[in-house]
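Below is data_0.txt, holding compact mmCIF, N, CA and C atoms.
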```txt
# COMPACT_ATOMS: atom_id res chain seq x y z
N MET A 1 77.67 33.64 59.85
CA MET A 1 78.19 34.04 61.13
C MET A 1 77.00 34.30 62.05
N THR A 2 77.05 33.74 63.23
CA THR A 2 75.93 33.88 64.15
C THR A 2 75.99 35.22 64.86
N ALA A 3 74.89 35.57 65.52
CA ALA A 3 74.83 36.84 66.25
C ALA A 3 75.91 36.90 67.33
N GLU A 4 76.20 35.75 67.99
CA GLU A 4 77.23 35.75 69.02
C GLU A 4 78.61 35.98 68.40
N GLN A 5 78.77 35.60 67.16
CA GLN A 5 80.08 35.70 66.52
C GLN A 5 80.30 37.02 65.82
N ASP A 6 79.25 37.77 65.51
CA ASP A 6 79.44 38.89 64.61
C ASP A 6 79.57 40.26 65.24
N GLY A 7 79.44 40.40 66.53
CA GLY A 7 79.54 41.76 67.02
C GLY A 7 79.95 41.83 68.47
N ASP A 8 79.32 41.01 69.28
CA ASP A 8 79.57 41.12 70.70
C ASP A 8 80.68 40.20 71.18
N ALA A 9 81.01 39.19 70.41
CA ALA A 9 82.06 38.27 70.80
C ALA A 9 83.42 38.94 70.69
N GLU A 10 84.35 38.44 71.48
CA GLU A 10 85.72 38.95 71.38
C GLU A 10 86.29 38.51 70.03
N VAL A 11 87.00 39.42 69.41
CA VAL A 11 87.57 39.15 68.08
C VAL A 11 89.08 39.05 68.22
N ALA A 12 89.64 37.98 67.66
CA ALA A 12 91.09 37.80 67.66
C ALA A 12 91.68 38.55 66.47
N LEU A 13 92.66 39.40 66.75
CA LEU A 13 93.32 40.14 65.69
C LEU A 13 94.44 39.31 65.09
N SER A 14 94.87 39.71 63.93
CA SER A 14 95.96 39.04 63.23
C SER A 14 97.21 38.98 64.09
N PRO A 15 97.97 37.89 64.01
CA PRO A 15 99.25 37.83 64.72
C PRO A 15 100.31 38.76 64.11
N ALA A 16 100.08 39.23 62.89
CA ALA A 16 101.01 40.19 62.27
C ALA A 16 100.76 41.55 62.92
N ASP A 17 101.79 42.09 63.57
CA ASP A 17 101.64 43.34 64.34
C ASP A 17 101.04 44.48 63.52
N TRP A 18 101.55 44.71 62.30
CA TRP A 18 101.07 45.85 61.52
C TRP A 18 99.60 45.68 61.15
N VAL A 19 99.17 44.44 60.90
CA VAL A 19 97.77 44.19 60.57
C VAL A 19 96.91 44.45 61.80
N ALA A 20 97.35 43.95 62.95
CA ALA A 20 96.59 44.15 64.20
C ALA A 20 96.48 45.64 64.53
N ARG A 21 97.58 46.38 64.36
CA ARG A 21 97.54 47.83 64.65
C ARG A 21 96.57 48.54 63.72
N GLN A 22 96.62 48.19 62.43
CA GLN A 22 95.72 48.85 61.48
C GLN A 22 94.27 48.47 61.79
N ALA A 23 94.01 47.21 62.11
CA ALA A 23 92.65 46.78 62.44
C ALA A 23 92.13 47.53 63.67
N GLU A 24 92.97 47.69 64.67
CA GLU A 24 92.56 48.42 65.88
C GLU A 24 92.25 49.87 65.56
N LEU A 25 93.10 50.52 64.76
CA LEU A 25 92.87 51.91 64.37
C LEU A 25 91.58 52.05 63.57
N TYR A 26 91.40 51.16 62.61
CA TYR A 26 90.21 51.18 61.74
C TYR A 26 88.95 51.07 62.59
N GLU A 27 88.93 50.06 63.46
CA GLU A 27 87.73 49.81 64.27
C GLU A 27 87.52 50.89 65.32
N SER A 28 88.58 51.29 66.03
CA SER A 28 88.42 52.27 67.11
C SER A 28 88.02 53.64 66.59
N SER A 29 88.36 53.93 65.34
CA SER A 29 87.97 55.22 64.75
C SER A 29 86.58 55.18 64.13
N GLY A 30 85.93 54.01 64.20
CA GLY A 30 84.62 53.88 63.57
C GLY A 30 84.71 53.87 62.05
N GLY A 31 85.88 53.54 61.54
CA GLY A 31 86.05 53.45 60.09
C GLY A 31 86.45 54.75 59.42
N THR A 32 87.00 55.67 60.21
CA THR A 32 87.43 56.95 59.62
C THR A 32 88.95 57.03 59.47
N LYS A 33 89.70 56.10 60.08
CA LYS A 33 91.16 56.08 59.98
C LYS A 33 91.61 54.66 59.67
N GLY A 34 92.77 54.54 59.03
CA GLY A 34 93.32 53.22 58.72
C GLY A 34 92.63 52.52 57.58
N THR A 35 91.95 53.28 56.74
CA THR A 35 91.12 52.68 55.68
C THR A 35 91.85 52.45 54.37
N THR A 36 93.15 52.75 54.34
CA THR A 36 93.93 52.48 53.13
C THR A 36 95.27 51.86 53.54
N GLN A 37 95.88 51.18 52.58
CA GLN A 37 97.21 50.62 52.74
C GLN A 37 97.93 50.84 51.42
N LEU A 38 99.02 51.57 51.45
CA LEU A 38 99.78 51.87 50.22
C LEU A 38 98.88 52.54 49.17
N GLY A 39 97.94 53.35 49.64
CA GLY A 39 97.05 54.07 48.74
C GLY A 39 95.88 53.26 48.22
N VAL A 40 95.72 52.02 48.67
CA VAL A 40 94.65 51.14 48.21
C VAL A 40 93.60 51.04 49.31
N PRO A 41 92.30 51.10 48.96
CA PRO A 41 91.27 50.99 50.00
C PRO A 41 91.30 49.62 50.68
N CYS A 42 91.01 49.64 51.99
CA CYS A 42 91.00 48.42 52.79
C CYS A 42 89.68 48.27 53.52
N LEU A 43 89.35 47.04 53.83
CA LEU A 43 88.19 46.72 54.65
C LEU A 43 88.63 45.84 55.80
N LEU A 44 87.80 45.77 56.82
CA LEU A 44 87.99 44.81 57.90
C LEU A 44 87.07 43.63 57.64
N MET A 45 87.61 42.43 57.80
CA MET A 45 86.79 41.24 57.63
C MET A 45 86.89 40.38 58.89
N ASP A 46 85.73 40.10 59.48
CA ASP A 46 85.62 39.19 60.61
C ASP A 46 85.11 37.86 60.07
N TYR A 47 85.76 36.78 60.45
CA TYR A 47 85.41 35.45 59.95
C TYR A 47 85.63 34.45 61.07
N VAL A 48 85.12 33.23 60.88
CA VAL A 48 85.21 32.20 61.91
C VAL A 48 86.33 31.23 61.55
N GLY A 49 87.20 30.96 62.54
CA GLY A 49 88.27 29.98 62.36
C GLY A 49 87.69 28.59 62.16
N ARG A 50 88.17 27.90 61.16
CA ARG A 50 87.60 26.60 60.81
C ARG A 50 87.87 25.53 61.87
N ARG A 51 88.92 25.66 62.63
CA ARG A 51 89.23 24.68 63.67
C ARG A 51 88.82 25.17 65.05
N SER A 52 89.12 26.43 65.33
CA SER A 52 88.89 26.98 66.67
C SER A 52 87.46 27.44 66.90
N GLY A 53 86.79 27.86 65.83
CA GLY A 53 85.47 28.46 65.98
C GLY A 53 85.55 29.90 66.48
N ALA A 54 86.77 30.41 66.68
CA ALA A 54 86.95 31.79 67.17
C ALA A 54 86.72 32.78 66.04
N VAL A 55 86.20 33.95 66.41
CA VAL A 55 86.04 35.02 65.43
C VAL A 55 87.37 35.73 65.29
N ARG A 56 87.82 35.88 64.06
CA ARG A 56 89.11 36.50 63.75
C ARG A 56 88.88 37.72 62.87
N ARG A 57 89.83 38.64 62.90
CA ARG A 57 89.69 39.87 62.12
C ARG A 57 90.99 40.12 61.36
N THR A 58 90.84 40.52 60.11
CA THR A 58 92.00 40.93 59.33
C THR A 58 91.66 42.15 58.50
N VAL A 59 92.68 42.80 58.01
CA VAL A 59 92.57 43.96 57.13
C VAL A 59 92.94 43.50 55.74
N LEU A 60 92.13 43.82 54.75
CA LEU A 60 92.39 43.40 53.37
C LEU A 60 92.15 44.54 52.40
N MET A 61 93.03 44.65 51.43
CA MET A 61 92.80 45.57 50.32
C MET A 61 91.62 45.04 49.51
N TYR A 62 90.89 45.94 48.88
CA TYR A 62 89.77 45.48 48.08
C TYR A 62 89.61 46.30 46.81
N GLY A 63 88.99 45.64 45.84
CA GLY A 63 88.51 46.29 44.63
C GLY A 63 87.01 46.13 44.60
N ARG A 64 86.38 46.67 43.60
CA ARG A 64 84.92 46.57 43.48
C ARG A 64 84.54 45.94 42.15
N ASP A 65 83.42 45.26 42.16
CA ASP A 65 82.78 44.75 40.95
C ASP A 65 81.30 45.00 41.15
N GLY A 66 80.82 46.10 40.62
CA GLY A 66 79.44 46.49 40.90
C GLY A 66 79.32 46.80 42.38
N GLU A 67 78.33 46.20 43.04
CA GLU A 67 78.11 46.41 44.48
C GLU A 67 79.00 45.52 45.33
N ASP A 68 79.65 44.54 44.72
CA ASP A 68 80.44 43.56 45.47
C ASP A 68 81.86 44.04 45.71
N TYR A 69 82.47 43.47 46.72
CA TYR A 69 83.86 43.74 47.06
C TYR A 69 84.70 42.55 46.61
N LEU A 70 85.89 42.81 46.11
CA LEU A 70 86.79 41.76 45.66
C LEU A 70 88.06 41.81 46.49
N ILE A 71 88.44 40.66 47.04
CA ILE A 71 89.68 40.55 47.79
C ILE A 71 90.54 39.47 47.14
N VAL A 72 91.84 39.60 47.30
CA VAL A 72 92.79 38.71 46.64
C VAL A 72 93.53 37.89 47.69
N ALA A 73 93.48 36.57 47.57
CA ALA A 73 94.13 35.66 48.52
C ALA A 73 95.59 35.44 48.12
N SER A 74 96.36 36.55 48.08
CA SER A 74 97.72 36.48 47.56
C SER A 74 98.73 35.97 48.58
N ASN A 75 98.51 36.25 49.86
CA ASN A 75 99.46 35.90 50.90
C ASN A 75 100.87 36.38 50.53
N GLY A 76 100.94 37.58 49.96
CA GLY A 76 102.22 38.17 49.60
C GLY A 76 102.98 37.38 48.55
N GLY A 77 102.27 36.57 47.76
CA GLY A 77 102.91 35.78 46.72
C GLY A 77 103.42 34.44 47.19
N SER A 78 103.07 34.05 48.40
CA SER A 78 103.50 32.76 48.94
C SER A 78 102.90 31.61 48.13
N ASP A 79 103.57 30.46 48.20
CA ASP A 79 103.04 29.27 47.56
C ASP A 79 101.84 28.69 48.32
N ARG A 80 101.58 29.21 49.51
CA ARG A 80 100.44 28.75 50.30
C ARG A 80 99.40 29.87 50.41
N PRO A 81 98.13 29.51 50.41
CA PRO A 81 97.10 30.55 50.57
C PRO A 81 97.10 31.11 51.98
N PRO A 82 96.57 32.31 52.16
CA PRO A 82 96.44 32.86 53.51
C PRO A 82 95.45 32.03 54.33
N LEU A 83 95.66 31.99 55.63
CA LEU A 83 94.77 31.20 56.49
C LEU A 83 93.33 31.70 56.42
N TRP A 84 93.14 33.01 56.28
CA TRP A 84 91.76 33.52 56.20
C TRP A 84 91.03 32.89 55.03
N TYR A 85 91.73 32.64 53.93
CA TYR A 85 91.09 32.04 52.76
C TYR A 85 90.62 30.62 53.07
N LEU A 86 91.45 29.84 53.74
CA LEU A 86 91.05 28.48 54.12
C LEU A 86 89.83 28.51 55.04
N ASN A 87 89.78 29.50 55.93
CA ASN A 87 88.63 29.64 56.82
C ASN A 87 87.36 30.01 56.05
N LEU A 88 87.49 30.87 55.03
CA LEU A 88 86.31 31.23 54.23
C LEU A 88 85.78 30.04 53.44
N GLN A 89 86.67 29.15 53.03
CA GLN A 89 86.21 27.96 52.32
C GLN A 89 85.36 27.09 53.24
N ALA A 90 85.70 27.05 54.52
CA ALA A 90 84.94 26.26 55.49
C ALA A 90 83.66 26.96 55.92
N ASN A 91 83.70 28.30 56.02
CA ASN A 91 82.53 29.07 56.46
C ASN A 91 82.54 30.41 55.73
N PRO A 92 81.76 30.55 54.66
CA PRO A 92 81.82 31.77 53.85
C PRO A 92 81.08 32.98 54.41
N GLU A 93 80.42 32.83 55.55
CA GLU A 93 79.70 33.97 56.13
C GLU A 93 80.68 34.84 56.91
N VAL A 94 80.69 36.14 56.60
CA VAL A 94 81.63 37.07 57.23
C VAL A 94 80.90 38.34 57.64
N ARG A 95 81.58 39.17 58.44
CA ARG A 95 81.13 40.52 58.75
C ARG A 95 82.21 41.45 58.23
N LEU A 96 81.80 42.52 57.57
CA LEU A 96 82.73 43.48 57.01
C LEU A 96 82.55 44.85 57.66
N ARG A 97 83.63 45.60 57.72
CA ARG A 97 83.55 47.03 57.98
C ARG A 97 84.23 47.65 56.77
N VAL A 98 83.46 48.47 56.06
CA VAL A 98 83.99 49.24 54.95
C VAL A 98 83.77 50.69 55.34
N GLU A 99 84.87 51.32 55.69
CA GLU A 99 84.83 52.67 56.26
C GLU A 99 83.88 52.67 57.45
N THR A 100 82.84 53.50 57.46
CA THR A 100 81.99 53.62 58.65
C THR A 100 80.84 52.62 58.68
N GLU A 101 80.70 51.82 57.68
CA GLU A 101 79.58 50.88 57.60
C GLU A 101 80.02 49.47 57.96
N ARG A 102 79.18 48.77 58.74
CA ARG A 102 79.42 47.38 59.10
C ARG A 102 78.23 46.56 58.63
N PHE A 103 78.50 45.40 57.99
CA PHE A 103 77.42 44.57 57.45
C PHE A 103 77.89 43.15 57.21
N GLY A 104 76.93 42.25 57.07
CA GLY A 104 77.22 40.86 56.76
C GLY A 104 77.44 40.67 55.27
N ALA A 105 78.20 39.63 54.94
CA ALA A 105 78.46 39.30 53.54
C ALA A 105 78.73 37.81 53.44
N VAL A 106 78.68 37.33 52.22
CA VAL A 106 79.04 35.94 51.95
C VAL A 106 80.17 35.95 50.93
N ALA A 107 81.14 35.07 51.15
CA ALA A 107 82.34 35.00 50.32
C ALA A 107 82.22 33.84 49.33
N ALA A 108 82.69 34.09 48.11
CA ALA A 108 82.73 33.03 47.10
C ALA A 108 83.96 33.24 46.22
N THR A 109 84.73 32.18 46.01
CA THR A 109 85.89 32.24 45.13
C THR A 109 85.40 32.34 43.69
N LEU A 110 85.98 33.26 42.94
CA LEU A 110 85.58 33.44 41.55
C LEU A 110 86.05 32.27 40.69
N PRO A 111 85.21 31.81 39.78
CA PRO A 111 85.65 30.81 38.81
C PRO A 111 86.64 31.46 37.84
N PRO A 112 87.43 30.65 37.12
CA PRO A 112 88.49 31.19 36.26
C PRO A 112 88.05 32.28 35.29
N GLU A 113 86.88 32.14 34.65
CA GLU A 113 86.47 33.14 33.67
C GLU A 113 86.14 34.48 34.32
N GLU A 114 85.56 34.46 35.53
CA GLU A 114 85.29 35.71 36.23
C GLU A 114 86.58 36.34 36.75
N LYS A 115 87.49 35.50 37.25
CA LYS A 115 88.78 36.03 37.70
C LYS A 115 89.49 36.71 36.53
N ALA A 116 89.48 36.07 35.37
CA ALA A 116 90.15 36.65 34.19
C ALA A 116 89.57 38.02 33.85
N ARG A 117 88.27 38.19 34.07
CA ARG A 117 87.62 39.47 33.76
C ARG A 117 88.04 40.57 34.74
N VAL A 118 88.15 40.26 36.03
CA VAL A 118 88.42 41.29 37.03
C VAL A 118 89.90 41.45 37.37
N TRP A 119 90.70 40.45 37.06
CA TRP A 119 92.11 40.47 37.45
C TRP A 119 92.86 41.71 36.95
N PRO A 120 92.72 42.11 35.69
CA PRO A 120 93.46 43.30 35.24
C PRO A 120 93.17 44.55 36.09
N GLY A 121 91.94 44.73 36.49
CA GLY A 121 91.60 45.88 37.33
C GLY A 121 92.21 45.79 38.72
N LEU A 122 92.29 44.58 39.25
CA LEU A 122 92.90 44.40 40.56
C LEU A 122 94.41 44.65 40.50
N VAL A 123 95.04 44.21 39.42
CA VAL A 123 96.48 44.47 39.24
C VAL A 123 96.73 45.96 39.02
N GLU A 124 95.83 46.62 38.35
CA GLU A 124 95.96 48.08 38.18
C GLU A 124 95.85 48.77 39.54
N LEU A 125 94.93 48.29 40.38
CA LEU A 125 94.74 48.84 41.71
C LEU A 125 95.99 48.64 42.58
N PHE A 126 96.57 47.43 42.50
CA PHE A 126 97.74 47.07 43.30
C PHE A 126 98.66 46.21 42.44
N PRO A 127 99.61 46.84 41.73
CA PRO A 127 100.45 46.12 40.77
C PRO A 127 101.20 44.92 41.34
N ARG A 128 101.46 44.90 42.63
CA ARG A 128 102.16 43.75 43.21
C ARG A 128 101.40 42.44 43.03
N TYR A 129 100.07 42.50 42.87
CA TYR A 129 99.32 41.26 42.64
C TYR A 129 99.86 40.53 41.41
N GLY A 130 100.16 41.26 40.36
CA GLY A 130 100.72 40.65 39.15
C GLY A 130 102.08 40.03 39.43
N GLU A 131 102.90 40.71 40.21
CA GLU A 131 104.21 40.18 40.59
C GLU A 131 104.04 38.93 41.45
N TYR A 132 103.11 38.97 42.38
CA TYR A 132 102.87 37.81 43.24
C TYR A 132 102.47 36.60 42.40
N GLN A 133 101.54 36.81 41.45
CA GLN A 133 101.09 35.68 40.62
C GLN A 133 102.23 35.14 39.78
N ALA A 134 103.06 36.03 39.24
CA ALA A 134 104.18 35.59 38.41
C ALA A 134 105.21 34.81 39.22
N GLY A 135 105.27 35.03 40.52
CA GLY A 135 106.29 34.41 41.36
C GLY A 135 105.89 33.11 42.01
N THR A 136 104.67 32.63 41.75
CA THR A 136 104.22 31.38 42.35
C THR A 136 103.49 30.52 41.32
N GLU A 137 103.54 29.21 41.52
CA GLU A 137 102.79 28.31 40.64
C GLU A 137 101.33 28.22 41.08
N ARG A 138 101.05 28.65 42.30
CA ARG A 138 99.68 28.61 42.82
C ARG A 138 98.83 29.64 42.09
N ASP A 139 97.64 29.25 41.69
CA ASP A 139 96.71 30.21 41.11
C ASP A 139 96.13 31.02 42.28
N ILE A 140 96.44 32.30 42.31
CA ILE A 140 95.98 33.15 43.41
C ILE A 140 94.49 33.43 43.25
N PRO A 141 93.69 33.01 44.24
CA PRO A 141 92.25 33.20 44.14
C PRO A 141 91.81 34.64 44.36
N VAL A 142 90.71 34.97 43.70
CA VAL A 142 90.00 36.22 43.95
C VAL A 142 88.67 35.84 44.57
N VAL A 143 88.31 36.53 45.64
CA VAL A 143 87.10 36.23 46.39
C VAL A 143 86.13 37.39 46.28
N ARG A 144 84.89 37.07 45.93
CA ARG A 144 83.80 38.06 45.87
C ARG A 144 83.09 38.06 47.22
N LEU A 145 82.91 39.25 47.78
CA LEU A 145 82.15 39.43 49.01
C LEU A 145 80.86 40.14 48.67
N THR A 146 79.75 39.44 48.85
CA THR A 146 78.44 39.96 48.50
C THR A 146 77.64 40.24 49.76
N ARG A 147 77.16 41.45 49.87
CA ARG A 147 76.36 41.87 51.03
C ARG A 147 75.14 40.95 51.18
N THR A 148 74.85 40.61 52.45
CA THR A 148 73.67 39.76 52.70
C THR A 148 72.54 40.59 53.27
```

Rewritten as structure tokens:
Amino acid sequence: MTAEQDGDAEVALSPADWVARQAELYESSGGTKGTTQLGVPCLLMDYVGRRSGAVRRTVLMYGRDGEDYLIVASNGGSDRPPLWYLNLQANPEVRLRVETERFGAVAATLPPEEKARVWPGLVELFPRYGEYQAGTERDIPVVRLTRT
């Protein structure tokens, strides 16, 4: 993500009202409010649209693996991946806000053996992930976000 894209550029919020409201609360509070969803920690992720080139922002639940953050491309159990995931495949450089801290990161989809290792912990964190996976033939990806 370039300097023009990561902080000073206008950021497009999610078209989902509840996501946009939570993102606005999270950002406007400097990361002190809106940091959980259903009791699960959340982060803000800014990424570049693969077609538009626009900077977009979404709120995502996360788990941890060492220093890295793990996000799940569940799309609520849909047979299609979330659009943010398709954008990360095209451009893996992102900006994150985790509570009061903002930093750059790079996204990488976990290979099957790594996903198998971390998946039980993610399902423990948010049991619906297991339900989502059981309800679709799509293998739901797990994405590692590594600070740059």

* To do: For region 92-99 of chain A, please output as a PyMOL selection string all residues within 10 Å (counting only C-alpha atoms; exclusion window: fewer than 5 positions along the same chain).
  => chain A and resi 1-2+5-7+26-27+29-36+41-48+55-59+62+69+85-87+104-109+145-148

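DSSP secondary structure from the backbone places Thr58, Val59, Leu60, Met61, Gly63, Arg64, Asp65, Asp68, Tyr69, Leu70, Ile71, Val72, Glu93, Val94, Arg95, Leu96, Arg97, Val98, Glu101, Arg102, Phe103, Gly104, Ala105, Val106, Ala107, Ala108 and Thr109 of chain A of region 58-132 of chain A in strand (DSSP E or B).
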
Can I get the selection written as a CSV table (one decimal), in the frame of the given file, with N, CA and C atoms?
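So the final result, stored in part16.csv, reads:
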```
chain,number,residue,atom,x,y,z
A,58,THR,N,90.8,40.5,60.1
A,58,THR,CA,92.0,40.9,59.3
A,58,THR,C,91.7,42.2,58.5
A,59,VAL,N,92.7,42.8,58.0
A,59,VAL,CA,92.6,44.0,57.1
A,59,VAL,C,92.9,43.5,55.7
A,60,LEU,N,92.1,43.8,54.8
A,60,LEU,CA,92.4,43.4,53.4
A,60,LEU,C,92.2,44.5,52.4
A,61,MET,N,93.0,44.6,51.4
A,61,MET,CA,92.8,45.6,50.3
A,61,MET,C,91.6,45.0,49.5
A,63,GLY,N,89.0,45.6,45.8
A,63,GLY,CA,88.5,46.3,44.6
A,63,GLY,C,87.0,46.1,44.6
A,64,ARG,N,86.4,46.7,43.6
A,64,ARG,CA,84.9,46.6,43.5
A,64,ARG,C,84.5,45.9,42.2
A,65,ASP,N,83.4,45.3,42.2
A,65,ASP,CA,82.8,44.8,41.0
A,65,ASP,C,81.3,45.0,41.2
A,68,ASP,N,79.6,44.5,44.7
A,68,ASP,CA,80.4,43.6,45.5
A,68,ASP,C,81.9,44.0,45.7
A,69,TYR,N,82.5,43.5,46.7
A,69,TYR,CA,83.9,43.7,47.1
A,69,TYR,C,84.7,42.6,46.6
A,70,LEU,N,85.9,42.8,46.1
A,70,LEU,CA,86.8,41.8,45.7
A,70,LEU,C,88.1,41.8,46.5
A,71,ILE,N,88.4,40.7,47.0
A,71,ILE,CA,89.7,40.6,47.8
A,71,ILE,C,90.5,39.5,47.1
A,72,VAL,N,91.8,39.6,47.3
A,72,VAL,CA,92.8,38.7,46.6
A,72,VAL,C,93.5,37.9,47.7
A,93,GLU,N,80.4,32.8,55.6
A,93,GLU,CA,79.7,34.0,56.1
A,93,GLU,C,80.7,34.8,56.9
A,94,VAL,N,80.7,36.1,56.6
A,94,VAL,CA,81.6,37.1,57.2
A,94,VAL,C,80.9,38.3,57.6
A,95,ARG,N,81.6,39.2,58.4
A,95,ARG,CA,81.1,40.5,58.8
A,95,ARG,C,82.2,41.4,58.2
A,96,LEU,N,81.8,42.5,57.6
A,96,LEU,CA,82.7,43.5,57.0
A,96,LEU,C,82.6,44.8,57.7
A,97,ARG,N,83.6,45.6,57.7
A,97,ARG,CA,83.6,47.0,58.0
A,97,ARG,C,84.2,47.6,56.8
A,98,VAL,N,83.5,48.5,56.1
A,98,VAL,CA,84.0,49.2,55.0
A,98,VAL,C,83.8,50.7,55.3
A,101,GLU,N,80.7,51.8,57.7
A,101,GLU,CA,79.6,50.9,57.6
A,101,GLU,C,80.0,49.5,58.0
A,102,ARG,N,79.2,48.8,58.7
A,102,ARG,CA,79.4,47.4,59.1
A,102,ARG,C,78.2,46.6,58.6
A,103,PHE,N,78.5,45.4,58.0
A,103,PHE,CA,77.4,44.6,57.4
A,103,PHE,C,77.9,43.2,57.2
A,104,GLY,N,76.9,42.2,57.1
A,104,GLY,CA,77.2,40.9,56.8
A,104,GLY,C,77.4,40.7,55.3
A,105,ALA,N,78.2,39.6,54.9
A,105,ALA,CA,78.5,39.3,53.5
A,105,ALA,C,78.7,37.8,53.4
A,106,VAL,N,78.7,37.3,52.2
A,106,VAL,CA,79.0,35.9,52.0
A,106,VAL,C,80.2,36.0,50.9
A,107,ALA,N,81.1,35.1,51.2
A,107,ALA,CA,82.3,35.0,50.3
A,107,ALA,C,82.2,33.8,49.3
A,108,ALA,N,82.7,34.1,48.1
A,108,ALA,CA,82.7,33.0,47.1
A,108,ALA,C,84.0,33.2,46.2
A,109,THR,N,84.7,32.2,46.0
A,109,THR,CA,85.9,32.2,45.1
A,109,THR,C,85.4,32.3,43.7
```

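If only C-alpha atoms are the atoms counted, then among A:Ala12, A:Val142, A:Leu88, A:Met61 the closest residue to Arg117 (chain A) is A:Val142.
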
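When only C-alpha atoms are used to measure the gap to Asn75 (chain A), the shortest distance among A:Leu25, A:Ala116, A:Tyr132, A:Ser14 belongs to A:Tyr132.
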
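One finds atom C of Asp68 (chain A) at 27.9 Å from CA of Ser52 (chain A).
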
* atom C of Asn91 (chain A) and atom C of Gly121 (chain A), how far apart in Å? -> 24.9 Å

* In chain A, what's alpha helix (DSSP H) per DSSP? Answer as an MDAnalysis selection string? -> chainID A and resid 3 17:28 83:90 112:125 128:134

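The interatomic distance for the pair CA of Gln133 (chain A) and CA of Gly77 (chain A) works out to 6.4 Å.
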
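Within the 9 Å cut-off around Ser78 (chain A), using only C-alpha atoms and omitting residues fewer than 6 positions from it on the same chain, the listed residues are Tyr132, Gly135, Thr136 and Arg138 of chain A.
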